[in-house]
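What's in query.txt: compact mmCIF, C-alpha atoms
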```
# COMPACT_ATOMS: atom_id res chain seq x y z
CA MET L 1 -11.59 -184.64 7.03
CA THR L 2 -12.01 -188.13 8.39
CA ARG L 3 -14.06 -190.97 7.01
CA ASN L 4 -14.80 -194.40 8.37
CA LEU L 5 -13.45 -197.35 6.51
CA HIS L 6 -15.19 -200.65 7.00
CA LEU L 7 -14.11 -204.01 5.74
CA PRO L 8 -16.28 -204.89 2.70
CA GLU L 9 -18.66 -207.79 3.16
CA ALA L 10 -17.55 -211.19 1.91
CA ARG L 11 -18.89 -212.10 -1.52
CA ASP L 12 -19.43 -215.29 -3.45
CA LEU L 13 -18.16 -216.18 -6.83
CA PRO L 14 -21.22 -216.69 -9.02
CA SER L 15 -22.08 -220.39 -8.82
CA ASP L 16 -21.36 -221.12 -12.48
CA ARG L 17 -17.91 -219.61 -12.12
CA LEU L 18 -17.29 -221.53 -8.92
CA ASP L 19 -18.26 -224.76 -10.67
CA ARG L 20 -16.04 -223.92 -13.61
CA ARG L 21 -13.10 -223.17 -11.32
CA ALA L 22 -13.68 -226.41 -9.39
CA ARG L 23 -13.86 -228.48 -12.58
CA HIS L 24 -10.74 -226.81 -13.91
CA LEU L 25 -8.90 -227.42 -10.66
CA VAL L 26 -9.77 -231.11 -10.60
CA SER L 27 -8.77 -231.58 -14.22
CA GLU L 28 -5.48 -229.78 -13.62
CA LEU L 29 -4.72 -231.93 -10.60
CA ALA L 30 -5.41 -235.07 -12.59
CA LEU L 31 -3.07 -233.73 -15.26
CA GLN L 32 -0.36 -232.98 -12.71
CA GLN L 33 -0.66 -236.45 -11.27
CA ALA L 34 -0.17 -238.27 -14.53
CA PRO L 35 3.64 -238.14 -14.67
CA ARG L 36 3.89 -239.20 -11.03
CA ARG L 37 1.40 -241.99 -11.20
CA ARG L 38 3.98 -244.68 -11.63
CA ARG L 39 5.93 -243.54 -8.59
CA ARG L 40 2.80 -243.23 -6.47
CA ARG L 41 1.66 -246.70 -7.41
CA PHE L 42 5.02 -248.00 -6.42
CA VAL L 43 4.61 -246.54 -2.95
CA LEU L 44 1.07 -247.73 -2.50
CA VAL L 45 1.74 -251.23 -3.69
CA LEU L 46 5.04 -251.73 -2.00
CA ALA L 47 3.89 -250.73 1.45
CA PRO L 48 1.41 -253.59 1.87
CA ALA L 49 3.94 -255.89 0.24
CA ALA L 50 6.55 -254.84 2.76
CA LEU L 51 4.11 -255.41 5.60
CA ALA L 52 3.38 -258.86 4.28
CA LEU L 53 7.08 -259.47 4.25
CA VAL L 54 7.31 -258.42 7.86
CA ALA L 55 4.62 -260.87 8.85
CA ALA L 56 6.35 -263.64 7.01
CA THR L 57 9.88 -263.06 8.21
CA GLY L 58 9.52 -261.35 11.54
CA PHE L 59 11.61 -258.45 10.24
CA THR L 60 10.59 -254.92 10.98
CA THR L 61 10.20 -252.42 8.16
CA TYR L 62 11.28 -249.49 10.25
CA SER L 63 14.85 -250.67 10.04
CA LEU L 64 14.63 -249.55 6.39
CA LEU L 65 14.36 -245.91 7.38
CA ARG L 66 16.18 -245.15 10.57
CA GLU L 67 17.54 -241.76 9.57
CA PRO L 68 15.11 -238.96 8.75
CA THR L 69 15.80 -237.10 5.53
CA HIS L 70 13.60 -234.10 6.25
CA LEU L 71 14.59 -231.93 9.18
CA MET L 72 12.89 -228.65 8.32
CA SER L 73 9.60 -229.41 10.04
CA ILE L 74 8.02 -231.79 12.50
CA GLY L 75 4.58 -233.37 12.46
CA CYS L 76 2.72 -233.37 15.77
CA TYR L 77 0.00 -236.05 15.53
CA GLU L 78 -3.25 -235.94 17.42
CA THR L 79 -3.38 -239.71 17.98
CA ALA L 80 -0.98 -242.63 17.59
CA SER L 81 -1.74 -243.11 13.91
CA GLU L 82 -0.10 -241.83 10.75
CA SER L 83 -3.55 -240.98 9.40
CA ALA L 84 -4.46 -238.79 12.38
CA ASN L 85 -4.76 -235.02 12.19
CA VAL L 86 -1.34 -233.51 12.21
CA ALA L 87 0.09 -230.08 12.85
CA ILE L 88 3.37 -229.45 11.14
CA VAL L 89 5.65 -226.91 12.70
CA ASP L 90 9.06 -225.62 11.77
CA SER L 91 11.93 -227.31 13.52
CA ASP L 92 13.82 -224.88 15.69
CA GLY L 93 16.59 -227.17 16.89
CA ARG L 94 14.87 -228.39 20.05
CA SER L 95 13.89 -232.02 20.41
CA PRO L 96 10.73 -232.84 18.40
CA VAL L 97 9.01 -234.09 21.55
CA GLU L 98 9.67 -230.78 23.29
CA THR L 99 8.40 -228.81 20.28
CA CYS L 100 5.17 -230.80 20.03
CA ALA L 101 4.63 -230.83 23.80
CA GLU L 102 4.62 -227.03 23.67
CA LEU L 103 2.01 -227.10 20.92
CA TRP L 104 -0.13 -229.52 22.91
CA ARG L 105 0.10 -227.31 25.99
CA ALA L 106 -0.98 -224.33 23.88
CA GLY L 107 -4.12 -226.25 22.96
CA ALA L 108 -3.31 -226.23 19.27
CA ILE L 109 -3.64 -229.98 18.72
CA GLY L 110 -6.29 -231.25 21.09
CA ALA L 111 -7.09 -232.14 24.64
CA PRO L 112 -6.22 -233.54 27.05
CA VAL L 113 -2.47 -233.15 26.79
CA PRO L 114 -0.91 -236.62 26.46
CA ARG L 115 1.18 -237.83 29.34
CA ALA L 116 3.95 -238.97 27.00
CA LEU L 117 5.00 -238.40 23.42
CA ALA L 118 7.23 -240.41 21.13
CA ALA L 119 9.24 -239.17 18.15
CA CYS L 120 9.39 -241.55 15.19
CA VAL L 121 10.86 -241.56 11.68
CA LEU L 122 7.97 -241.57 9.21
CA SER L 123 8.01 -243.54 6.01
CA THR L 124 8.30 -240.20 4.20
CA GLY L 125 11.60 -239.47 5.93
CA ALA L 126 10.12 -236.75 8.12
CA ILE L 127 9.82 -236.85 11.92
CA GLY L 128 6.42 -237.46 13.51
CA VAL L 129 5.59 -237.13 17.19
CA PHE L 130 2.77 -239.31 18.49
CA PRO L 131 0.96 -239.60 21.81
CA GLY L 132 2.00 -242.82 23.46
CA SER L 133 3.80 -244.46 26.25
CA GLY L 134 7.17 -243.57 24.81
CA GLU L 135 9.02 -246.85 24.47
CA GLY L 136 7.38 -249.13 21.94
CA THR L 137 5.10 -246.47 20.46
CA CYS L 138 7.08 -246.15 17.23
CA ALA L 139 7.55 -249.89 16.89
CA GLY L 140 3.82 -250.31 17.32
CA LEU L 141 3.34 -248.09 14.28
CA GLY L 142 5.99 -249.94 12.28
CA LEU L 143 8.32 -246.97 12.56
CA ALA L 144 11.80 -246.36 13.95
CA ASP L 145 12.47 -244.27 17.02
CA VAL L 146 14.29 -241.00 16.42
CA GLU L 147 17.79 -241.61 17.68
CA ALA L 148 20.05 -239.39 19.73
CA SER L 149 22.27 -238.75 16.72
CA THR L 150 19.26 -237.26 14.90
CA LEU L 151 18.53 -234.92 17.78
CA ALA L 152 22.11 -233.67 17.62
CA GLU L 153 21.81 -233.22 13.86
CA LEU L 154 18.55 -231.29 14.28
CA GLU L 155 20.29 -228.87 16.58
CA ARG L 156 23.31 -228.52 14.30
CA PHE L 157 21.19 -228.05 11.17
CA SER L 158 18.99 -225.53 12.90
CA ALA L 159 22.08 -223.53 13.84
CA LEU L 160 23.18 -223.57 10.21
CA ARG L 161 19.78 -222.35 9.03
CA ARG L 162 19.74 -219.57 11.60
CA ALA L 163 23.22 -218.46 10.60
CA ILE L 164 22.37 -218.26 6.90
CA LEU L 165 18.96 -216.70 7.36
CA ALA L 166 20.45 -214.12 9.70
CA GLU L 167 22.48 -212.94 6.73
CA LEU L 168 19.96 -213.34 3.92
CA GLY L 169 16.73 -212.72 5.80
CA GLU L 170 13.99 -215.17 6.69
CA PRO L 171 11.40 -215.31 3.91
CA ALA L 172 9.40 -218.08 5.53
CA THR L 173 8.10 -215.79 8.22
CA GLY L 174 7.94 -212.69 6.12
CA SER L 175 9.52 -210.68 8.89
CA SER L 176 12.62 -209.87 6.90
CA ILE L 177 11.15 -209.35 3.44
CA GLY L 178 10.45 -205.71 4.04
CA SER L 179 13.81 -205.10 5.63
CA SER L 180 16.77 -203.50 3.96
CA LYS L 181 18.51 -206.84 3.46
CA CYS L 182 19.14 -207.65 -0.13
CA LEU L 183 22.20 -209.74 -0.82
CA GLY L 184 23.09 -210.34 -4.43
CA GLU L 185 24.31 -213.64 -5.78
CA HIS L 186 28.02 -213.15 -5.16
CA GLU L 187 27.64 -212.01 -1.58
CA ALA L 188 24.92 -214.59 -0.83
CA ARG L 189 27.12 -217.39 -2.12
CA ALA L 190 30.02 -216.18 0.01
CA VAL L 191 28.10 -215.93 3.29
CA THR L 192 26.34 -219.24 2.64
CA ARG L 193 29.61 -221.03 1.93
CA ARG L 194 31.19 -219.57 5.06
CA ALA L 195 28.25 -220.73 7.17
CA LEU L 196 28.26 -224.20 5.63
CA ASP L 197 31.96 -224.63 6.32
CA ALA L 198 31.71 -223.21 9.83
CA HIS L 199 28.91 -225.60 10.78
CA GLY L 200 30.49 -228.72 9.34
CA TYR L 201 28.49 -228.87 6.12
CA GLY L 202 31.45 -228.36 3.82
CA GLU L 203 30.26 -231.07 1.41
CA TRP L 204 26.99 -229.22 0.67
CA THR L 205 26.59 -227.41 -2.61
CA ILE L 206 25.00 -224.06 -3.45
CA VAL L 207 22.82 -223.66 -6.52
CA VAL L 208 20.77 -220.81 -7.97
CA SER L 209 17.20 -221.52 -8.96
CA GLY L 210 15.31 -220.52 -12.08
CA ASP L 211 16.72 -218.06 -14.56
CA GLY L 212 19.26 -216.59 -12.17
CA PHE L 213 19.67 -213.13 -10.69
CA THR L 214 18.57 -210.16 -12.75
CA ALA L 215 18.13 -206.44 -12.25
CA GLU L 216 14.45 -207.10 -11.52
CA ARG L 217 15.21 -209.91 -9.07
CA PRO L 218 18.46 -208.98 -7.40
CA CYS L 219 18.00 -210.38 -3.86
CA ALA L 220 18.71 -213.88 -2.57
CA GLU L 221 16.40 -216.04 -0.51
CA ALA L 222 17.67 -219.36 0.82
CA ALA L 223 15.97 -222.76 0.69
CA PHE L 224 17.43 -225.90 2.23
CA ASP L 225 17.35 -229.51 1.09
CA HIS L 226 18.91 -231.63 3.80
CA GLY L 227 18.41 -234.89 1.90
CA GLN L 228 20.21 -233.61 -1.20
CA LYS L 229 22.71 -231.51 0.79
CA VAL L 230 21.93 -228.40 -1.21
CA VAL L 231 21.24 -224.76 -0.39
CA THR L 232 19.27 -223.13 -3.18
CA LEU L 233 19.54 -219.39 -3.64
CA ILE L 234 16.29 -218.04 -5.04
CA PRO L 235 16.40 -214.67 -6.82
CA VAL L 236 13.52 -212.51 -5.62
CA TRP L 237 12.27 -208.97 -6.00
CA ARG L 238 13.61 -206.33 -3.68
CA MET N 30 -23.55 -241.02 6.74
CA GLY N 31 -22.58 -237.37 7.16
CA GLU N 32 -20.36 -235.19 5.06
CA PRO N 33 -16.68 -236.15 5.13
CA THR N 34 -14.58 -233.97 7.38
CA ASP N 35 -11.82 -231.80 5.98
CA ALA N 36 -9.31 -234.19 7.53
CA GLU N 37 -10.85 -237.13 5.69
CA LEU N 38 -10.93 -235.20 2.42
CA TRP N 39 -7.36 -234.12 2.92
CA GLN N 40 -6.20 -237.67 3.53
CA ARG N 41 -7.91 -238.74 0.34
CA ALA N 42 -6.37 -235.80 -1.52
CA ALA N 43 -2.92 -236.70 -0.18
CA SER N 44 -3.45 -240.17 -1.62
CA GLY N 45 -4.05 -238.60 -5.01
CA ASP N 46 -7.83 -238.20 -5.00
CA SER N 47 -8.25 -234.95 -6.92
CA GLY N 48 -12.04 -235.14 -6.55
CA ALA N 49 -11.67 -234.92 -2.77
CA PHE N 50 -9.54 -231.86 -3.29
CA GLY N 51 -12.22 -230.40 -5.53
CA THR N 52 -14.68 -230.81 -2.67
CA LEU N 53 -12.30 -228.90 -0.42
CA PHE N 54 -12.25 -226.15 -3.03
CA GLU N 55 -16.04 -225.96 -3.05
CA ARG N 56 -16.01 -225.87 0.74
CA HIS N 57 -13.28 -223.27 1.25
CA GLY N 58 -13.01 -221.51 -2.11
CA ARG N 59 -15.16 -218.60 -0.91
CA LEU N 60 -13.01 -218.10 2.19
CA VAL N 61 -9.78 -218.06 0.19
CA TYR N 62 -11.33 -215.83 -2.50
CA ASN N 63 -12.39 -213.21 0.04
CA PHE N 64 -9.09 -213.46 1.91
CA CYS N 65 -7.20 -212.79 -1.33
CA PHE N 66 -9.48 -209.86 -2.09
CA ARG N 67 -8.84 -208.34 1.34
CA ARG N 68 -5.11 -208.51 0.73
CA THR N 69 -5.21 -207.18 -2.84
CA ALA N 70 -8.35 -205.00 -3.10
CA ASP N 71 -8.96 -206.52 -6.53
CA TRP N 72 -11.78 -209.03 -7.09
CA ALA N 73 -10.47 -210.25 -10.45
CA GLN N 74 -6.99 -210.80 -9.09
CA ALA N 75 -8.46 -212.49 -6.03
CA GLU N 76 -10.29 -214.97 -8.23
CA GLU N 77 -7.11 -215.93 -10.03
CA LEU N 78 -5.08 -216.03 -6.81
CA ALA N 79 -7.67 -218.31 -5.20
CA SER N 80 -7.03 -220.81 -7.98
CA VAL N 81 -3.30 -220.42 -7.49
CA VAL N 82 -3.71 -221.04 -3.76
CA PHE N 83 -5.45 -224.35 -4.36
CA LEU N 84 -2.95 -225.40 -7.01
CA GLU N 85 -0.17 -224.56 -4.59
CA ALA N 86 -1.94 -226.36 -1.73
CA TRP N 87 -2.23 -229.44 -3.93
CA ARG N 88 1.47 -229.25 -4.74
CA ARG N 89 2.22 -229.18 -1.03
CA ARG N 90 -0.53 -231.54 0.07
CA ASN N 91 1.90 -233.96 1.70
CA GLU N 92 3.16 -231.22 4.01
CA VAL N 93 -0.17 -231.30 5.79
CA ARG N 94 -0.75 -228.67 8.40
CA LEU N 95 -4.15 -229.86 9.39
CA ALA N 96 -4.73 -229.13 13.05
CA GLY N 97 -8.21 -229.85 14.34
CA SER N 98 -10.94 -230.58 11.86
CA SER N 99 -10.78 -227.64 9.46
CA ALA N 100 -8.44 -227.11 6.53
CA ALA N 101 -9.09 -223.36 6.67
CA PRO N 102 -5.99 -222.35 8.69
CA TRP N 103 -3.73 -224.36 6.44
CA LEU N 104 -5.30 -222.96 3.27
CA LEU N 105 -5.01 -219.40 4.56
CA GLY N 106 -1.38 -220.14 5.43
CA VAL N 107 -0.79 -221.24 1.85
CA ALA N 108 -2.68 -218.16 0.65
CA THR N 109 -0.45 -215.94 2.76
CA ASN N 110 2.63 -217.46 1.16
CA VAL N 111 1.14 -217.11 -2.30
CA LEU N 112 0.34 -213.46 -1.65
CA ARG N 113 3.89 -212.82 -0.45
CA ASN N 114 5.24 -214.18 -3.68
CA ALA N 115 2.29 -213.70 -5.99
CA ARG N 116 4.24 -213.27 -9.16
CA ARG N 117 6.39 -216.31 -8.49
CA ALA N 118 3.36 -218.44 -7.62
CA GLN N 119 1.45 -217.30 -10.68
CA ARG N 120 4.43 -218.04 -12.88
CA ARG N 121 4.74 -221.51 -11.38
CA HIS N 122 1.13 -222.27 -12.23
CA ARG N 123 0.95 -220.19 -15.39
CA ALA N 124 0.35 -223.16 -17.68
CA ALA N 125 -2.55 -224.36 -15.53
CA LEU N 126 -4.07 -220.88 -15.39
CA GLU N 127 -3.83 -220.50 -19.14
CA ARG N 128 -5.86 -223.66 -19.59
CA LEU N 129 -8.75 -222.17 -17.63
CA PRO N 130 -11.62 -221.51 -20.08
CA ARG N 131 -11.93 -217.80 -20.77
CA GLU N 132 -15.00 -216.01 -19.56
CA HIS N 133 -17.30 -214.94 -22.40
CA GLU N 134 -19.38 -212.52 -20.41
CA PRO N 135 -18.45 -209.54 -18.32
CA ASP N 136 -17.79 -210.46 -14.72
CA PHE N 137 -20.31 -209.83 -12.00
CA SER N 138 -22.67 -207.82 -14.16
CA SER N 139 -25.34 -207.74 -11.46
CA ASP N 140 -23.17 -206.25 -8.74
CA VAL N 141 -20.35 -204.63 -10.62
CA ASP N 142 -20.92 -201.24 -8.97
CA GLU N 143 -20.87 -202.73 -5.50
CA ARG N 144 -17.69 -204.57 -6.26
CA LEU N 145 -16.06 -201.38 -7.47
CA ASP N 146 -17.08 -199.76 -4.19
CA ASP N 147 -15.56 -202.71 -2.34
CA GLU N 148 -12.32 -202.24 -4.20
CA ARG N 149 -12.17 -198.53 -3.42
CA GLN N 150 -12.93 -199.19 0.23
CA MET N 151 -10.40 -201.99 0.50
CA THR N 152 -7.72 -199.96 -1.26
CA ALA N 153 -8.16 -197.23 1.33
CA ILE N 154 -7.93 -199.75 4.17
CA LEU N 155 -4.82 -201.36 2.73
CA ARG N 156 -3.23 -197.93 2.37
CA VAL N 157 -3.41 -197.60 6.16
CA VAL N 158 -2.70 -201.22 7.01
CA GLY N 159 0.21 -201.20 4.56
CA LYS N 160 2.11 -199.00 6.97
CA LEU N 161 2.46 -201.99 9.31
CA PRO N 162 5.27 -204.53 8.99
CA ARG N 163 4.31 -207.27 6.57
CA THR N 164 3.98 -210.00 9.20
CA ASP N 165 1.74 -207.78 11.31
CA GLN N 166 -0.48 -207.21 8.28
CA GLU N 167 -0.70 -210.96 7.77
CA ILE N 168 -1.59 -211.65 11.39
CA LEU N 169 -4.17 -208.87 11.34
CA ALA N 170 -5.76 -210.30 8.21
CA LEU N 171 -5.87 -213.84 9.60
CA CYS N 172 -7.03 -213.06 13.14
CA ALA N 173 -9.08 -209.88 12.85
CA TRP N 174 -10.51 -210.22 9.36
CA GLU N 175 -10.83 -214.00 8.96
CA GLY N 176 -11.41 -214.84 12.61
CA LEU N 177 -8.66 -217.39 13.13
CA SER N 178 -7.62 -218.06 16.71
CA TYR N 179 -4.09 -217.24 17.82
CA GLU N 180 -3.21 -220.93 17.60
CA GLU N 181 -4.67 -221.30 14.12
CA ALA N 182 -2.87 -218.21 12.89
CA ALA N 183 0.35 -219.52 14.45
CA LEU N 184 -0.05 -222.75 12.53
CA ALA N 185 -0.93 -220.92 9.34
CA LEU N 186 2.17 -218.76 9.54
CA GLY N 187 4.55 -221.21 11.20
CA THR N 188 5.04 -218.66 13.97
CA PRO N 189 4.94 -219.20 17.75
CA VAL N 190 1.58 -218.44 19.37
CA GLY N 191 3.16 -215.82 21.60
CA THR N 192 4.48 -214.00 18.56
CA VAL N 193 1.02 -213.90 16.99
CA ARG N 194 -0.46 -212.52 20.16
CA SER N 195 2.17 -209.83 20.62
CA ARG N 196 2.21 -208.78 16.97
CA LEU N 197 -1.56 -208.54 16.79
CA SER N 198 -1.51 -206.37 19.86
CA ARG N 199 1.23 -204.24 18.33
CA ALA N 200 -0.68 -203.97 15.05
CA ARG N 201 -3.83 -202.82 16.83
CA GLY N 202 -1.89 -200.23 18.77
CA ARG N 203 -0.21 -198.95 15.65
CA LEU N 204 -3.52 -198.76 13.80
CA ARG N 205 -4.97 -196.73 16.62
CA GLU N 206 -2.07 -194.32 16.20
CA LEU N 207 -2.67 -194.19 12.46
CA GLY N 208 -6.41 -193.77 12.93
CA GLY N 209 -6.34 -190.05 13.40
CA ASP N 210 -5.32 -187.27 15.77
CA GLY N 211 -7.69 -188.45 18.46
CA GLY N 212 -6.41 -192.00 18.41
CA HIS N 213 -9.90 -193.37 17.80
CA GLU N 214 -10.62 -196.90 18.89
CA MET N 215 -11.35 -199.20 16.02
CA SER N 216 -14.25 -201.55 16.27
CA GLU N 217 -13.86 -205.30 16.28
CA PRO N 218 -13.91 -207.62 14.53
CA ASP N 219 -13.30 -205.86 11.25
CA LEU N 220 -10.92 -203.23 12.59
CA SER N 221 -12.59 -200.57 10.56
CA ILE N 222 -10.39 -197.57 10.25
CA GLN N 223 -10.84 -193.85 10.43
CA GLU N 224 -8.85 -192.48 7.59
CA THR N 225 -7.66 -188.91 7.88
CA GLN N 226 -7.47 -187.10 4.56
CA ALA N 227 -5.96 -183.77 3.68
CA THR N 228 -8.63 -181.30 2.74
```
Re-express the file's structure as structure tokens.
Amino acid sequence: MTRNLHLPEARDLPSDRLDRRARHLVSELALQQAPRRRRRRFVLVLAPAALALVAATGFTTYSLLREPTHLMSIGCYETASESANVAIVDSDGRSPVETCAELWRAGAIGAPVPRALAACVLSTGAIGVFPGSGEGTCAGLGLADVEASTLAELERFSALRRAILAELGEPATGSSIGSSKCLGEHEARAVTRRALDAHGYGEWTIVVSGDGFTAERPCAEAAFDHGQKVVTLIPVWR
Amino acid sequence: MGEPTDAELWQRAASGDSGAFGTLFERHGRLVYNFCFRRTADWAQAEELASVVFLEAWRRRNEVRLAGSSAAPWLLGVATNVLRNARRAQRRHRAALERLPREHEPDFSSDVDERLDDERQMTAILRVVGKLPRTDQEILALCAWEGLSYEEAALALGTPVGTVRSRLSRARGRLRELGGDGGHEMSEPDLSIQETQAT
């Protein structure tokens, strides 16, 4: 016997429940912000202060942050502004300009495709790629250019990630979750350490998150923190 | 002055404006709620997961993936990650979920029967779709069920556009094979399925 299966129609939450969820969400977010408020204020206040300092002394703020601290992803900006729409893509070891140019050509950011792109170090420590004339674009935004040494590090770090994820599986894409790969803590630590040493990251440490590996959560996923030089092994379900 | 765009709301949210984020919830909550239902076949779970998705999106608001003017692809990308690791995500936000006022009345009293039908129907669909690799299921849900473009789905999943295209094609082919002995074509856009049952 065969029967047709059709996707059920979309439904609404009843409006009172939607309102209640929205109110709850906003109150939770306010709650979550409270402990961070001091830090956020610091950022918001200091930035204009730093700009004022630049105007007064002729110094450039971007010299404060020449080295990016976040290499896992790249922001491809629609216009030459840090407040523009941005598409963030995983870094795959290629130059950020090349990665974003591909996204532009695919029509994922906007049109027309800019004639030139410039990679800059954002105030957050991440890498942003902006449409512009290349030279001078980053300086115009008060940011540092991404240097050649960073491009080399991107490639090296990407190779490290690939090596470790080839062993543990790649949870970020989901393509390996359903596979037979399930390395326990001991084995995951061993392959991770070998990869770190082989790729010149011998000073990095390996930590296990949460309550550790259990019979219910026996498999390791890897997460990387380039700034802290840490690989975190996350115990997950099989 | 018109309504603020998603990009404007997101910028305000990233600066700590929780009210702007609440507006994004009102704008996209229904989309996320229905997406979660289509991946779980459970309306009650979908309602809770939709909250988790927005809590998780808030946590990651500085990792903006806003391409174009709509936050929908980014939110569905977050939803996909939440659904992959639902238990972990729910545990992370357990305290927040426990503070949600309990409902005093039965849910959806006016359409409870229809919702039960939905759940039965969706369970049957997921039984077939569940035979696909997980990423193919995700791409199918984003592109065929939610109507994202290849590029939007690529951004949502952090996957190259070409991969989305090829996996969607593969998923459709596989579903045709699973559709029955005759290899019936499935209609777009909902990829309805002919389920063969033992009699």
For CA of Leu151 (chain L) and CA of Arg94 (chain L), determine how far apart the two atoms are, in Å to one decimal place.
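Separation between CA of Leu151 (chain L) and CA of Arg94 (chain L): 7.8 Å.
Between CA of His6 (chain L) and CA of Cys172 (chain N) the separation is 16.1 Å.
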I'd like the contact shell of Gly200 (chain L) - 12 Å cut-off, all atoms listed in the file, skipping same-chain residues fewer than 2 positions apart - returned as an NGL selection string.
:L and (153 or 156-157 or 159-160 or 193-198 or 202-204 or 229)
From (2.1, -205.9, 17.6), in the file's coordinates, out to 12 Å: which residues are reached, counting all atoms listed in the file? Answer as JSON, numbers by chain.
{"N": [161, 162, 163, 164, 165, 166, 167, 168, 169, 191, 192, 193, 194, 195, 196, 197, 198, 199, 200, 201, 202, 203, 204, 205]}
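Distances here use only C-alpha atoms; by that measure, the residue among L:Leu168, L:Met72, L:Ala139, L:Val191 closest to Pro235 (chain L) is L:Leu168.
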Distance in Å - CA of Gly75 (chain L) versus CA of Arg90 (chain N)
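Taking CA of Gly75 (chain L) as the start and CA of Arg90 (chain N) as the end point, the length is 13.5 Å.
Proximity of L:Asp90, L:Ala126, L:Asp225, L:Thr79 to Ala111 (chain L), computed with all atoms listed in the file, is greatest for L:Thr79.
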Taking 2 positions as the minimum chain separation for residues in the same chain, which residues sit within 10 Å of region 31-39 of chain N when counting only C-alpha atoms? Answer as a count of residues only.
30
Pick out the residues sitting within 6 Å of Leu183 (chain L), and hand them over as a PyMOL selection string; count only C-alpha atoms, and ignore anything fewer than 4 positions along from it in its own chain.
chain L and resi 187-188+219-220
Residue contacts of Pro189 (chain N) (12 Å, all atoms listed in the file) excluding same-chain residues fewer than 2 positions away, as JSON, numbers by chain
{"L": [89, 90, 91, 92, 99, 100, 102, 103, 106, 108, 173], "N": [168, 179, 180, 181, 182, 183, 184, 185, 186, 187, 191, 192, 193, 194, 195, 196]}
N:Thr152, N:Thr109, N:Asn63, N:Gln74 ranked by distance to chain L, top pick (using all atoms listed in the file)
N:Asn63
Which is closest to chain L among N:Glu85, N:Glu175, N:Asp71, N:Asp147, if we use all atoms listed in the file?
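Smallest separation from chain L among the options: N:Asp147.
With all atoms listed in the file as the atoms that count, the minimum distance from chain N to the choices L:Pro96, L:Gly128, L:Pro114, L:Gly142 is reached by L:Gly128.
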What would the list of residues within 6 Å of (-14.8, -217.4, -4.0) (file frame) look like as an NGL selection string, if all atoms listed in the file are what count?
(:L and (12-13)) or (:N and (58-59 or 62))
Can you work out which one of N:Gly176, N:Gln40, N:Gly159, N:Leu105 has the shortest atom-to-atom distance to chain L, counting all atoms listed in the file?
N:Gln40
Show which residues sit within 10 Å of Phe66 (chain N), as number ranges by chain. Count all atoms listed in the file, and ignore same-chain residues fewer than 6 positions away.
L: 8, 10-11; N: 60, 72-76, 78-79, 147-148, 151
